[in-house]
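Source file: target_1.pdb (PDB, C-alpha atoms)
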```pdb
MODEL        1
ATOM      1  CA  MET A  35     -21.113   8.926  -1.726
ATOM      2  CA  LYS A  36     -21.374   9.183  -5.498
ATOM      3  CA  LEU A  37     -18.062   9.736  -7.241
ATOM      4  CA  THR A  38     -17.629  12.022 -10.221
ATOM      5  CA  ASN A  39     -16.481  10.720 -13.584
ATOM      6  CA  GLU A  40     -13.160  12.448 -12.988
ATOM      7  CA  GLU A  41     -12.711  10.582  -9.702
ATOM      8  CA  LEU A  42     -13.616   7.269 -11.314
ATOM      9  CA  LEU A  43     -11.060   7.827 -14.067
ATOM     10  CA  GLU A  44      -8.484   8.797 -11.451
ATOM     11  CA  MET A  45      -9.084   5.440  -9.779
ATOM     12  CA  GLN A  46      -8.292   3.673 -13.041
ATOM     13  CA  ARG A  47      -5.241   5.892 -13.563
ATOM     14  CA  ARG A  48      -3.819   5.065 -10.129
ATOM     15  CA  MET A  49      -4.467   1.346 -10.504
ATOM     16  CA  LEU A  50      -2.668   1.414 -13.840
ATOM     17  CA  ARG A  51       0.214   3.340 -12.299
ATOM     18  CA  ILE A  52       0.641   0.700  -9.607
ATOM     19  CA  ARG A  53       0.386  -2.183 -12.072
ATOM     20  CA  LEU A  54       2.839  -0.801 -14.627
ATOM     21  CA  PHE A  55       5.221   0.524 -11.972
ATOM     22  CA  ASP A  56       5.417  -2.875 -10.292
ATOM     23  CA  GLU A  57       5.758  -4.737 -13.580
ATOM     24  CA  ARG A  58       8.600  -2.400 -14.559
ATOM     25  CA  ALA A  59      10.246  -2.889 -11.167
ATOM     26  CA  SER A  60       9.980  -6.663 -11.592
ATOM     27  CA  LYS A  61      11.871  -6.442 -14.882
ATOM     28  CA  MET A  62      14.527  -4.228 -13.326
ATOM     29  CA  VAL A  63      15.117  -6.744 -10.532
ATOM     30  CA  LYS A  64      15.652  -9.493 -13.085
ATOM     31  CA  ARG A  65      18.068  -7.276 -15.026
ATOM     32  CA  GLY A  66      20.102  -6.571 -11.905
ATOM     33  CA  GLN A  67      19.187  -2.882 -11.910
ATOM     34  CA  ILE A  68      17.472  -3.062  -8.516
ATOM     35  CA  PRO A  69      19.515  -4.594  -5.685
ATOM     36  CA  GLY A  70      17.799  -7.289  -3.674
ATOM     37  CA  THR A  71      14.163  -7.946  -4.410
ATOM     38  CA  VAL A  72      10.787  -6.209  -4.520
ATOM     39  CA  HIS A  73       7.309  -7.271  -3.422
ATOM     40  CA  THR A  74       4.671  -6.292  -5.966
ATOM     41  CA  SER A  75       0.979  -5.494  -5.556
ATOM     42  CA  VAL A  76       0.017  -6.868  -8.961
ATOM     43  CA  GLY A  77      -3.568  -8.090  -8.574
ATOM     44  CA  GLN A  78      -4.187  -6.078  -5.409
ATOM     45  CA  GLU A  79      -4.521  -2.642  -6.983
ATOM     46  CA  ALA A  80      -8.240  -2.250  -6.287
ATOM     47  CA  GLN A  81      -7.902  -2.545  -2.538
ATOM     48  CA  VAL A  82      -4.942  -0.144  -2.482
ATOM     49  CA  VAL A  83      -6.548   2.570  -4.611
ATOM     50  CA  GLY A  84     -10.045   2.101  -3.219
ATOM     51  CA  ALA A  85      -8.733   2.607   0.305
ATOM     52  CA  CYS A  86      -6.301   5.430  -0.463
ATOM     53  CA  MET A  87      -8.880   7.447  -2.386
ATOM     54  CA  ALA A  88     -11.397   6.989   0.428
ATOM     55  CA  VAL A  89      -9.280   9.168   2.718
ATOM     56  CA  ARG A  90      -8.031  12.717   2.278
ATOM     57  CA  ALA A  91      -4.729  13.642   0.690
ATOM     58  CA  ASP A  92      -3.444  14.934   4.028
ATOM     59  CA  ASP A  93      -4.482  11.852   6.023
ATOM     60  CA  TYR A  94      -1.770   9.605   7.436
ATOM     61  CA  MET A  95      -0.969   6.188   6.019
ATOM     62  CA  THR A  96       1.401   3.358   6.899
ATOM     63  CA  GLY A  97       2.258   0.387   4.712
ATOM     64  CA  ASN A  98       4.024  -2.948   4.847
ATOM     65  CA  HIS A  99       6.710  -4.772   2.891
ATOM     66  CA  ARG A 100       4.385  -4.835  -0.183
ATOM     67  CA  SER A 101       3.954  -1.106  -0.412
ATOM     68  CA  HIS A 102       5.138   0.568  -3.590
ATOM     69  CA  GLY A 103       1.469   0.810  -4.487
ATOM     70  CA  HIS A 104       0.302   2.625  -1.382
ATOM     71  CA  PRO A 105       2.167   5.910  -1.968
ATOM     72  CA  ILE A 106       1.114   5.723  -5.624
ATOM     73  CA  GLY A 107      -2.471   5.170  -4.520
ATOM     74  CA  LYS A 108      -2.112   8.262  -2.333
ATOM     75  CA  GLY A 109      -0.767  10.337  -5.243
ATOM     76  CA  SER A 110       3.038  10.147  -5.049
ATOM     77  CA  ALA A 111       5.170  11.059  -8.046
ATOM     78  CA  LEU A 112       6.598   7.966  -9.751
ATOM     79  CA  GLY A 113      10.126   9.184 -10.535
ATOM     80  CA  PRO A 114      11.387   9.577  -6.952
ATOM     81  CA  LEU A 115       9.689   6.311  -5.958
ATOM     82  CA  MET A 116      11.429   4.371  -8.721
ATOM     83  CA  ALA A 117      14.733   6.067  -7.952
ATOM     84  CA  GLU A 118      14.385   4.960  -4.335
ATOM     85  CA  LEU A 119      14.051   1.331  -5.410
ATOM     86  CA  LEU A 120      17.393   1.709  -7.194
ATOM     87  CA  GLY A 121      19.018   3.341  -4.174
ATOM     88  CA  LYS A 122      19.590   6.604  -6.028
ATOM     89  CA  ALA A 123      20.213  10.028  -4.503
ATOM     90  CA  THR A 124      17.055  11.381  -6.181
ATOM     91  CA  GLY A 125      14.897   8.793  -4.420
ATOM     92  CA  ILE A 126      12.082   9.847  -2.145
ATOM     93  CA  CYS A 127      14.265   8.818   0.825
ATOM     94  CA  GLN A 128      17.541   9.813  -0.908
ATOM     95  CA  GLY A 129      18.304   6.178  -1.684
ATOM     96  CA  LYS A 130      18.451   5.101   1.956
ATOM     97  CA  GLY A 131      15.108   3.340   2.204
ATOM     98  CA  GLY A 132      14.882   1.185  -0.876
ATOM     99  CA  SER A 133      11.901  -0.977  -1.725
ATOM    100  CA  LEU A 134      11.043  -1.995   1.833
ATOM    101  CA  HIS A 135      11.219   1.393   3.552
ATOM    102  CA  LEU A 136       9.531   3.946   1.330
ATOM    103  CA  ALA A 137       7.996   7.055   2.860
ATOM    104  CA  ASP A 138       6.510  10.161   1.301
ATOM    105  CA  PHE A 139       5.375  12.719   3.848
ATOM    106  CA  ALA A 140       4.006  14.920   1.055
ATOM    107  CA  VAL A 141       1.084  12.500   0.658
ATOM    108  CA  GLY A 142       0.866  11.456   4.309
ATOM    109  CA  SER A 143       2.822   8.221   3.827
ATOM    110  CA  LEU A 144       4.736   7.703   7.078
ATOM    111  CA  GLY A 145       6.580   4.678   5.757
ATOM    112  CA  GLU A 146       6.586   0.943   5.519
ATOM    113  CA  SER A 147       8.739  -1.800   6.948
ATOM    114  CA  GLY A 148       9.925  -5.320   6.249
ATOM    115  CA  ILE A 149       9.189  -6.186   9.884
ATOM    116  CA  VAL A 150       5.751  -7.786   9.776
ATOM    117  CA  GLY A 151       3.133  -5.644  11.508
ATOM    118  CA  SER A 152       5.610  -3.057  12.760
ATOM    119  CA  SER A 153       3.999  -0.056  11.081
ATOM    120  CA  ILE A 154       0.583  -0.599  12.690
ATOM    121  CA  PRO A 155       1.452   0.992  16.074
ATOM    122  CA  ILE A 156       2.999   3.920  14.175
ATOM    123  CA  ALA A 157      -0.380   4.568  12.550
ATOM    124  CA  ALA A 158      -2.015   4.475  15.976
ATOM    125  CA  GLY A 159       0.557   6.998  17.197
ATOM    126  CA  ALA A 160      -0.157   9.269  14.243
ATOM    127  CA  ALA A 161      -3.866   9.023  15.001
ATOM    128  CA  LEU A 162      -3.161   9.943  18.631
ATOM    129  CA  SER A 163      -1.202  13.012  17.540
ATOM    130  CA  SER A 164      -4.039  14.016  15.218
ATOM    131  CA  LYS A 165      -6.522  13.777  18.070
ATOM    132  CA  LEU A 166      -4.372  15.651  20.590
ATOM    133  CA  LEU A 167      -3.577  18.413  18.101
ATOM    134  CA  ALA A 168      -7.164  18.550  16.765
ATOM    135  CA  GLN A 169      -5.879  18.099  13.212
ATOM    136  CA  ASP A 170      -8.930  16.208  11.893
ATOM    137  CA  ARG A 171      -6.620  13.692  10.181
ATOM    138  CA  VAL A 172      -7.285   9.965   9.957
ATOM    139  CA  ALA A 173      -4.559   7.292   9.936
ATOM    140  CA  LEU A 174      -4.921   4.373   7.516
ATOM    141  CA  ALA A 175      -2.874   1.322   8.547
ATOM    142  CA  PHE A 176      -2.311  -1.375   5.916
ATOM    143  CA  PHE A 177      -1.195  -4.852   6.958
ATOM    144  CA  GLY A 178      -1.376  -8.356   5.523
ATOM    145  CA  ASP A 179      -3.095 -11.502   6.732
ATOM    146  CA  GLY A 180       0.241 -12.697   8.136
ATOM    147  CA  ALA A 181       0.457  -9.597  10.335
ATOM    148  CA  ALA A 182      -3.067 -10.274  11.602
ATOM    149  CA  ASN A 183      -1.531 -12.666  14.126
ATOM    150  CA  GLN A 184       1.095 -10.235  15.413
ATOM    151  CA  GLY A 185       0.676  -8.866  18.924
ATOM    152  CA  GLY A 186       1.405  -5.292  17.883
ATOM    153  CA  LEU A 187      -1.873  -5.194  15.967
ATOM    154  CA  TYR A 188      -3.927  -6.019  19.036
ATOM    155  CA  GLU A 189      -2.018  -3.631  21.278
ATOM    156  CA  ALA A 190      -2.694  -0.876  18.744
ATOM    157  CA  MET A 191      -6.364  -1.843  18.368
ATOM    158  CA  ASN A 192      -6.790  -1.932  22.135
ATOM    159  CA  LEU A 193      -5.344   1.546  22.680
ATOM    160  CA  ALA A 194      -7.192   2.918  19.655
ATOM    161  CA  GLY A 195     -10.430   1.528  21.043
ATOM    162  CA  ILE A 196      -9.865   2.900  24.552
ATOM    163  CA  TRP A 197      -8.832   6.350  23.340
ATOM    164  CA  ARG A 198     -11.221   6.403  20.348
ATOM    165  CA  LEU A 199      -8.410   7.191  17.955
ATOM    166  CA  PRO A 200      -9.143   8.141  14.336
ATOM    167  CA  VAL A 201      -7.498   5.115  12.721
ATOM    168  CA  VAL A 202      -8.641   2.577  10.115
ATOM    169  CA  PHE A 203      -6.918  -0.798  10.380
ATOM    170  CA  LEU A 204      -6.993  -2.393   6.932
ATOM    171  CA  CYS A 205      -6.073  -6.051   6.470
ATOM    172  CA  GLU A 206      -5.029  -6.898   2.917
ATOM    173  CA  ASN A 207      -5.990 -10.570   3.027
ATOM    174  CA  ASN A 208      -4.337 -11.987  -0.070
ATOM    175  CA  GLN A 209      -4.698 -15.396   1.588
ATOM    176  CA  TYR A 210      -1.023 -16.302   1.746
ATOM    177  CA  ALA A 211       1.742 -15.205   4.087
ATOM    178  CA  LEU A 212       4.644 -15.904   1.750
ATOM    179  CA  SER A 213       3.677 -19.548   0.993
ATOM    180  CA  THR A 214       1.580 -20.242   4.084
ATOM    181  CA  PRO A 215      -2.183 -20.401   3.429
ATOM    182  CA  ALA A 216      -4.019 -18.143   5.863
ATOM    183  CA  ALA A 217      -6.534 -20.878   6.640
ATOM    184  CA  THR A 218      -3.778 -23.016   8.163
ATOM    185  CA  VAL A 219      -2.620 -20.396  10.677
ATOM    186  CA  THR A 220      -5.576 -18.063  11.233
ATOM    187  CA  SER A 221      -8.679 -19.089  13.157
ATOM    188  CA  GLY A 222     -11.935 -17.437  12.137
ATOM    189  CA  ARG A 223     -12.513 -14.267  10.130
ATOM    190  CA  ILE A 224     -10.006 -11.522  10.773
ATOM    191  CA  ALA A 225     -12.715  -8.845  10.591
ATOM    192  CA  ASP A 226     -14.565 -10.500  13.481
ATOM    193  CA  ARG A 227     -11.605  -9.923  15.794
ATOM    194  CA  ALA A 228     -12.618  -6.267  15.992
ATOM    195  CA  HIS A 229     -15.526  -7.176  18.249
ATOM    196  CA  GLY A 230     -13.138  -8.092  21.066
ATOM    197  CA  PHE A 231     -12.137  -4.427  21.192
ATOM    198  CA  ASP A 232     -15.688  -3.129  20.850
ATOM    199  CA  ILE A 233     -15.008  -1.556  17.473
ATOM    200  CA  PRO A 234     -16.666  -2.194  14.082
ATOM    201  CA  GLY A 235     -15.221  -4.930  11.901
ATOM    202  CA  VAL A 236     -16.280  -5.402   8.278
ATOM    203  CA  ARG A 237     -15.094  -7.640   5.485
ATOM    204  CA  VAL A 238     -15.077  -6.741   1.803
ATOM    205  CA  ASP A 239     -15.467 -10.131   0.154
ATOM    206  CA  ASP A 240     -14.720  -8.784  -3.323
ATOM    207  CA  GLY A 241     -11.490  -6.880  -2.938
ATOM    208  CA  GLN A 242     -11.126  -6.787  -6.729
ATOM    209  CA  ASP A 243     -13.960  -4.239  -6.802
ATOM    210  CA  VAL A 244     -12.360  -0.844  -6.223
ATOM    211  CA  LEU A 245     -15.702   0.800  -5.435
ATOM    212  CA  ALA A 246     -16.647  -1.795  -2.819
ATOM    213  CA  VAL A 247     -13.340  -1.184  -1.046
ATOM    214  CA  HIS A 248     -13.751   2.574  -1.357
ATOM    215  CA  ASP A 249     -17.220   2.481   0.202
ATOM    216  CA  ALA A 250     -16.111   0.374   3.184
ATOM    217  CA  VAL A 251     -13.037   2.455   3.942
ATOM    218  CA  ARG A 252     -14.850   5.742   3.359
ATOM    219  CA  GLU A 253     -17.464   4.761   5.941
ATOM    220  CA  ALA A 254     -14.741   3.818   8.443
ATOM    221  CA  ALA A 255     -12.782   7.024   7.777
ATOM    222  CA  ASP A 256     -15.871   9.203   8.124
ATOM    223  CA  ARG A 257     -16.696   7.480  11.401
ATOM    224  CA  ALA A 258     -13.167   8.098  12.668
ATOM    225  CA  ARG A 259     -13.294  11.748  11.649
ATOM    226  CA  ARG A 260     -16.529  12.208  13.558
ATOM    227  CA  GLY A 261     -14.704  11.155  16.716
ATOM    228  CA  GLU A 262     -16.329   7.725  16.904
ATOM    229  CA  GLY A 263     -13.066   5.820  17.004
ATOM    230  CA  PRO A 264     -11.310   3.114  14.991
ATOM    231  CA  SER A 265     -12.550   0.380  12.660
ATOM    232  CA  LEU A 266     -11.109  -2.816  11.210
ATOM    233  CA  VAL A 267     -11.645  -3.491   7.514
ATOM    234  CA  GLU A 268     -10.615  -6.850   6.043
ATOM    235  CA  VAL A 269     -10.343  -6.967   2.250
ATOM    236  CA  MET A 270     -10.205 -10.281   0.404
ATOM    237  CA  THR A 271      -7.809 -10.011  -2.523
ATOM    238  CA  TYR A 272      -5.048 -11.958  -4.291
ATOM    239  CA  ARG A 273      -1.502 -11.333  -5.431
ATOM    240  CA  PHE A 274      -0.887 -12.461  -8.996
ATOM    241  CA  HIS A 275       2.907 -12.638  -8.700
ATOM    242  CA  GLU A 276       4.936 -14.612  -6.206
ATOM    243  CA  HIS A 277       5.682 -13.301  -2.718
ATOM    244  CA  SER A 278       8.688 -11.390  -4.031
ATOM    245  CA  GLU A 279      10.438 -11.057  -7.357
ATOM    246  CA  GLY A 280      13.311 -13.450  -7.858
ATOM    247  CA  LEU A 281      12.418 -15.575  -4.825
ATOM    248  CA  ARG A 282      13.328 -19.185  -5.500
ATOM    249  CA  LEU A 283      10.311 -20.956  -4.119
ATOM    250  CA  SER A 284       8.180 -23.839  -5.295
ATOM    251  CA  THR A 285       4.943 -22.498  -6.797
ATOM    252  CA  ASP A 286       2.849 -25.589  -6.068
ATOM    253  CA  TYR A 287       1.570 -24.187  -2.756
ATOM    254  CA  ARG A 288      -1.204 -22.468  -4.728
ATOM    255  CA  ASP A 289      -3.832 -24.500  -6.535
ATOM    256  CA  ALA A 290      -3.784 -23.796 -10.282
ATOM    257  CA  ALA A 291      -7.572 -23.590 -10.531
ATOM    258  CA  GLU A 292      -7.683 -21.128  -7.638
ATOM    259  CA  ARG A 293      -5.044 -18.947  -9.227
ATOM    260  CA  ASP A 294      -6.719 -19.017 -12.646
ATOM    261  CA  ALA A 295     -10.043 -18.012 -11.117
ATOM    262  CA  TRP A 296      -8.452 -14.971  -9.485
ATOM    263  CA  LEU A 297      -6.480 -14.049 -12.605
ATOM    264  CA  ALA A 298      -9.780 -13.948 -14.480
ATOM    265  CA  ARG A 299     -10.893 -11.231 -12.051
ATOM    266  CA  ASP A 300      -8.187  -8.694 -12.792
ATOM    267  CA  PRO A 301      -9.313  -5.518 -10.974
ATOM    268  CA  ILE A 302      -8.082  -3.197 -13.713
ATOM    269  CA  THR A 303      -9.865  -5.112 -16.462
ATOM    270  CA  LEU A 304     -13.045  -5.328 -14.384
ATOM    271  CA  PHE A 305     -13.080  -1.601 -13.704
ATOM    272  CA  ARG A 306     -12.360  -0.731 -17.321
ATOM    273  CA  GLU A 307     -15.399  -2.790 -18.326
ATOM    274  CA  ARG A 308     -17.471  -0.990 -15.719
ATOM    275  CA  LEU A 309     -16.349   2.433 -16.911
ATOM    276  CA  LEU A 310     -17.331   1.484 -20.459
ATOM    277  CA  ALA A 311     -20.686   0.008 -19.433
ATOM    278  CA  ASP A 312     -21.591   3.050 -17.339
ATOM    279  CA  GLY A 313     -20.630   5.487 -20.087
ATOM    280  CA  VAL A 314     -17.925   7.136 -18.000
ATOM    281  CA  ALA A 315     -15.441   7.007 -20.875
ATOM    282  CA  ALA A 316     -15.149   5.591 -24.364
ATOM    283  CA  ALA A 317     -12.727   2.818 -25.245
ATOM    284  CA  GLU A 318     -10.473   5.265 -27.108
ATOM    285  CA  ALA A 319     -10.169   7.475 -24.034
ATOM    286  CA  LEU A 320      -9.300   4.515 -21.812
ATOM    287  CA  ASP A 321      -6.731   3.300 -24.351
ATOM    288  CA  ALA A 322      -5.181   6.768 -24.322
ATOM    289  CA  LEU A 323      -5.112   6.721 -20.515
ATOM    290  CA  GLU A 324      -3.266   3.396 -20.522
ATOM    291  CA  ALA A 325      -0.731   4.710 -23.033
ATOM    292  CA  GLU A 326      -0.248   7.890 -20.994
ATOM    293  CA  VAL A 327       0.463   5.914 -17.821
ATOM    294  CA  ALA A 328       2.829   3.578 -19.680
ATOM    295  CA  ASP A 329       4.813   6.612 -20.854
ATOM    296  CA  GLU A 330       4.812   8.013 -17.322
ATOM    297  CA  VAL A 331       6.232   4.778 -15.896
ATOM    298  CA  GLU A 332       8.913   4.577 -18.568
ATOM    299  CA  ALA A 333       9.886   8.180 -17.830
ATOM    300  CA  ALA A 334      10.155   7.283 -14.139
ATOM    301  CA  ALA A 335      12.391   4.330 -14.986
ATOM    302  CA  ARG A 336      14.654   6.516 -17.137
ATOM    303  CA  PHE A 337      14.830   9.112 -14.392
ATOM    304  CA  ALA A 338      15.849   6.441 -11.890
ATOM    305  CA  LEU A 339      18.423   4.788 -14.140
ATOM    306  CA  GLU A 340      20.034   8.108 -15.058
ATOM    307  CA  SER A 341      20.099   9.442 -11.495
ATOM    308  CA  PRO A 342      23.361   9.372  -9.494
ATOM    309  CA  LEU A 343      24.064   7.157  -6.525
ATOM    310  CA  PRO A 344      24.367   8.936  -3.159
ATOM    311  CA  GLU A 345      27.800  10.323  -2.293
ATOM    312  CA  PRO A 346      29.626   8.416   0.478
ATOM    313  CA  GLU A 347      29.761  11.480   2.742
ATOM    314  CA  VAL A 348      25.950  11.484   3.169
ATOM    315  CA  ALA A 349      25.960   8.018   4.758
ATOM    316  CA  PHE A 350      25.526   9.430   8.258
ATOM    317  CA  ALA A 351      23.268  12.354   7.355
ATOM    318  CA  ASP A 352      19.777  12.432   8.865
ATOM    319  CA  LEU A 353      20.879  10.499  11.951
ATOM    320  CA  TYR A 354      20.583  11.770  15.509
ATOM    321  CA  THR A 355      24.360  11.640  15.793
ATOM    322  CA  ASP A 356      27.169  11.353  13.287
ATOM    323  CA  PRO A 357      29.455   8.431  14.341
ATOM    324  CA  SER A 358      32.285   9.637  12.143
ATOM    325  CA  ALA A 359      32.214  13.123  13.702
ATOM    326  CA  ALA A 360      32.160  11.601  17.203
ATOM    327  CA  GLU A 361      35.264   9.545  16.396
ATOM    328  CA  VAL A 362      37.083  12.622  15.136
ATOM    329  CA  ALA A 363      36.159  14.572  18.283
ATOM    330  CA  ALA A 364      37.438  11.733  20.480
TER
ENDMDL
END
```
Final structure tokens representation of the file:
Amino acid sequence: MKLTNEELLEMQRRMLRIRLFDERASKMVKRGQIPGTVHTSVGQEAQVVGACMAVRADDYMTGNHRSHGHPIGKGSALGPLMAELLGKATGICQGKGGSLHLADFAVGSLGESGIVGSSIPIAAGAALSSKLLAQDRVALAFFGDGAANQGGLYEAMNLAGIWRLPVVFLCENNQYALSTPAATVTSGRIADRAHGFDIPGVRVDDGQDVLAVHDAVREAADRARRGEGPSLVEVMTYRFHEHSEGLRLSTDYRDAAERDAWLARDPITLFRERLLADGVAAAEALDALEAEVADEVEAAARFALESPLPEPEVAFADLYTDPSAAEVAA
């Protein structure tokens, strides 16, 4: 499917939003403005945006611990996302989710989790609900190469295959689970594991190419929407930063030449060059786009920093029961 110039520029906009948002969050962690740590998608923007823009705005999506970028790739507003990282009352989850548990139902984002692979069955459940209710919605389930060896993935793939659920399982293979090289713990190609469930499995070898990712996921999503069942898409990519910001870990687990080769293939730089070469936009327009996104991210940071913390009395709101009220009644 040929994309319009507006759609191509929107891809660049969303990749820039993810990059600058994560870089700003990294600085805020180091300044003590964000409690704990954050896991950035710097270097992986093409696979996030390519996949998210290959599905509809109302389609379901689940993420993982490295998932600020996924809601942004789906179109979330930056201010509430940044406020959530700071635990503020104006956050998308009212400050109760933080970096590892973002959700934005307005763009179909059902949430993420620090528990490796735990969101995959949730995506399968969302796909089941879509099928039973005839909603024509696809579920896009992101997970990393480390989660590719979790049993929950295969239980979800098995049920999705049996029931022909409209779900796309997307493995973000950035080749390291924290500091463990995938080749030392994973036998064979992850995409090939789909064949054991009689579903298609494809691998995008160049996950730094946003259009290659978009094409693969679009084909899988269209297949799911036609009622032909799930697919597994493995995308080869690379994280430029460490596993998480502020993590005290030796960096010698990654070969310097390997890292430099991937850094030279920055997805945002590559796509900018492509937009210029194809005449989609002039350099001045792309410079203006970058400046516009930088201003947007700074505005989101200001919004988050100036927002209030949640009031203590809302601690038990949004629960099935209120423990404090139960104690009073007793």
Hey, can you pull every residue with an atom no more than 12 Å from (-15.6, 12.9, 9.9), using all atoms listed in the file, and send it as a list in words?
->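 In the file's frame, the residues around the point are Ala88, Val89, Arg90, Asp93, Gln169, Asp170, Arg171, Val172, Pro200, Val201, Arg252, Glu253, Ala254, Ala255, Asp256, Arg257, Ala258, Arg259, Arg260, Gly261, Glu262, Gly263 and Pro264 of chain A.
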Problem - Output check: residues returned by the PyMOL selection byres ((chain A and resi 173-185) around 9), as a PyMOL selection string - result: chain A and resi 82+85-86+89+93-101+104+142+150-161+164+171-172+186-190+199-212+214+216+219-220+224+255+268
Would you mind listing what lies within 10 Å of Ile126 of chain A as a PyMOL selection string, with all atoms listed in the file counted and same-chain residues fewer than 6 positions away left out? chain A and resi 110-119+132+136-139
*asked:* List as a list in words the protein and nucleic acid residues near Glu279 of chain A, meaning an atom at most 7 Å away when only C-alpha atoms are counted, but skip any in the same chain fewer than 5 places from it.
replied: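 Selected residues are Ser60, Thr71, Val72 and His73 of chain A.
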Query raised in the report: Pick the closest to Leu37 of chain A from A:Ala311, A:Leu245, A:Val141, A:Leu50: which is it, counting only C-alpha atoms?
Result: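 That would be A:Leu245, the residue with the smallest distance to Leu37 of chain A.
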For atom CA of Val251 of chain A and atom CA of Leu134 of chain A, determine how far apart the two atoms are, in Å to one decimal place.
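Interatomic distance here is 24.6 Å.
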In Å to one decimal, how far is atom CA of Val269 of chain A from atom CA of Arg237 of chain A?
->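 That distance, rounded to one decimal, is 5.8 Å.
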Near-Asp56 of chain A list (9 Å; only C-alpha atoms; drop same-chain fewer than 4 positions) as a ChimeraX atom specification
/A:51-52,60-61,72-76,102-103
Export, as an mmCIF file, keeping the file's coordinate frame, the selected residues with C-alpha atoms.
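The resulting file, selection.cif, is shown below:
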```
data_model
loop_
_atom_site.group_PDB
_atom_site.id
_atom_site.type_symbol
_atom_site.label_atom_id
_atom_site.label_comp_id
_atom_site.auth_asym_id
_atom_site.auth_seq_id
_atom_site.Cartn_x
_atom_site.Cartn_y
_atom_site.Cartn_z
ATOM 1 C CA ARG A 51 0.214 3.340 -12.299
ATOM 2 C CA ILE A 52 0.641 0.700 -9.607
ATOM 3 C CA SER A 60 9.980 -6.663 -11.592
ATOM 4 C CA LYS A 61 11.871 -6.442 -14.882
ATOM 5 C CA VAL A 72 10.787 -6.209 -4.520
ATOM 6 C CA HIS A 73 7.309 -7.271 -3.422
ATOM 7 C CA THR A 74 4.671 -6.292 -5.966
ATOM 8 C CA SER A 75 0.979 -5.494 -5.556
ATOM 9 C CA VAL A 76 0.017 -6.868 -8.961
ATOM 10 C CA HIS A 102 5.138 0.568 -3.590
ATOM 11 C CA GLY A 103 1.469 0.810 -4.487
#
```
Notebook entry, point to check: Skipping near chain neighbours, those fewer than 5 positions away, what residues fall within 10 Å of Asp226 of chain A using all atoms listed in the file, listed as a PyMOL selection string?
Noted result: chain A and resi 233-237+266-268
Which one of A:Glu146, A:Asp249, A:Glu44, A:Glu326 sits closest to Gly109 of chain A if you count all atoms listed in the file?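 Checking each candidate against Gly109 of chain A, we get A:Glu44 as the closest.
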Between atom CA of Arg227 of chain A and atom CA of Asn192 of chain A lies a distance of 11.3 Å
Checklist entry - Using all atoms listed in the file, which residue out of A:Leu193, A:Val348, A:Ala298, A:Ala335 lies closest to Met62 of chain A? => result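 Of A:Leu193, A:Val348, A:Ala298, A:Ala335, the one nearest Met62 of chain A, counting all atoms listed in the file, is A:Ala335.
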> Given the choices A:Gly230, A:Asp243, A:Ala351, A:Leu167, which gets closest to Ile196 of chain A if the distance is worked out from only C-alpha atoms?
Replying inline: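 Nearest to Ile196 of chain A: A:Gly230.
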Kindly add N, CA and C atoms to the incomplete segment 304-315 of chain A and provide the output as an mmCIF file, in the coordinates of the input.
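The new file rebuild.cif reads:
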```cif
data_model
loop_
_atom_site.group_PDB
_atom_site.id
_atom_site.type_symbol
_atom_site.label_atom_id
_atom_site.label_comp_id
_atom_site.auth_asym_id
_atom_site.auth_seq_id
_atom_site.Cartn_x
_atom_site.Cartn_y
_atom_site.Cartn_z
ATOM 1 N N LEU A 304 -11.660 -5.418 -14.856
ATOM 2 C CA LEU A 304 -13.045 -5.328 -14.384
ATOM 3 C C LEU A 304 -13.518 -3.874 -14.323
ATOM 4 N N PHE A 305 -12.659 -2.997 -13.840
ATOM 5 C CA PHE A 305 -13.080 -1.601 -13.704
ATOM 6 C C PHE A 305 -13.155 -0.915 -15.061
ATOM 7 N N ARG A 306 -12.272 -1.284 -15.956
ATOM 8 C CA ARG A 306 -12.360 -0.731 -17.321
ATOM 9 C C ARG A 306 -13.717 -1.095 -17.933
ATOM 10 N N GLU A 307 -14.109 -2.362 -17.781
ATOM 11 C CA GLU A 307 -15.399 -2.790 -18.326
ATOM 12 C C GLU A 307 -16.553 -2.018 -17.690
ATOM 13 N N ARG A 308 -16.427 -1.736 -16.421
ATOM 14 C CA ARG A 308 -17.471 -0.990 -15.719
ATOM 15 C C ARG A 308 -17.537 0.448 -16.208
ATOM 16 N N LEU A 309 -16.380 1.055 -16.415
ATOM 17 C CA LEU A 309 -16.349 2.433 -16.911
ATOM 18 C C LEU A 309 -16.988 2.518 -18.298
ATOM 19 N N LEU A 310 -16.733 1.516 -19.124
ATOM 20 C CA LEU A 310 -17.331 1.484 -20.459
ATOM 21 C C LEU A 310 -18.839 1.288 -20.370
ATOM 22 N N ALA A 311 -19.261 0.327 -19.540
ATOM 23 C CA ALA A 311 -20.686 0.008 -19.433
ATOM 24 C C ALA A 311 -21.487 1.175 -18.878
ATOM 25 N N ASP A 312 -20.886 1.926 -17.971
ATOM 26 C CA ASP A 312 -21.591 3.050 -17.339
ATOM 27 C C ASP A 312 -21.463 4.346 -18.136
ATOM 28 N N GLY A 313 -20.767 4.301 -19.260
ATOM 29 C CA GLY A 313 -20.630 5.487 -20.087
ATOM 30 C C GLY A 313 -19.727 6.558 -19.515
ATOM 31 N N VAL A 314 -18.844 6.167 -18.601
ATOM 32 C CA VAL A 314 -17.925 7.136 -18.000
ATOM 33 C C VAL A 314 -16.884 7.598 -19.011
ATOM 34 N N ALA A 315 -16.438 6.672 -19.852
ATOM 35 C CA ALA A 315 -15.441 7.007 -20.875
ATOM 36 C C ALA A 315 -15.561 6.023 -22.019
#
```
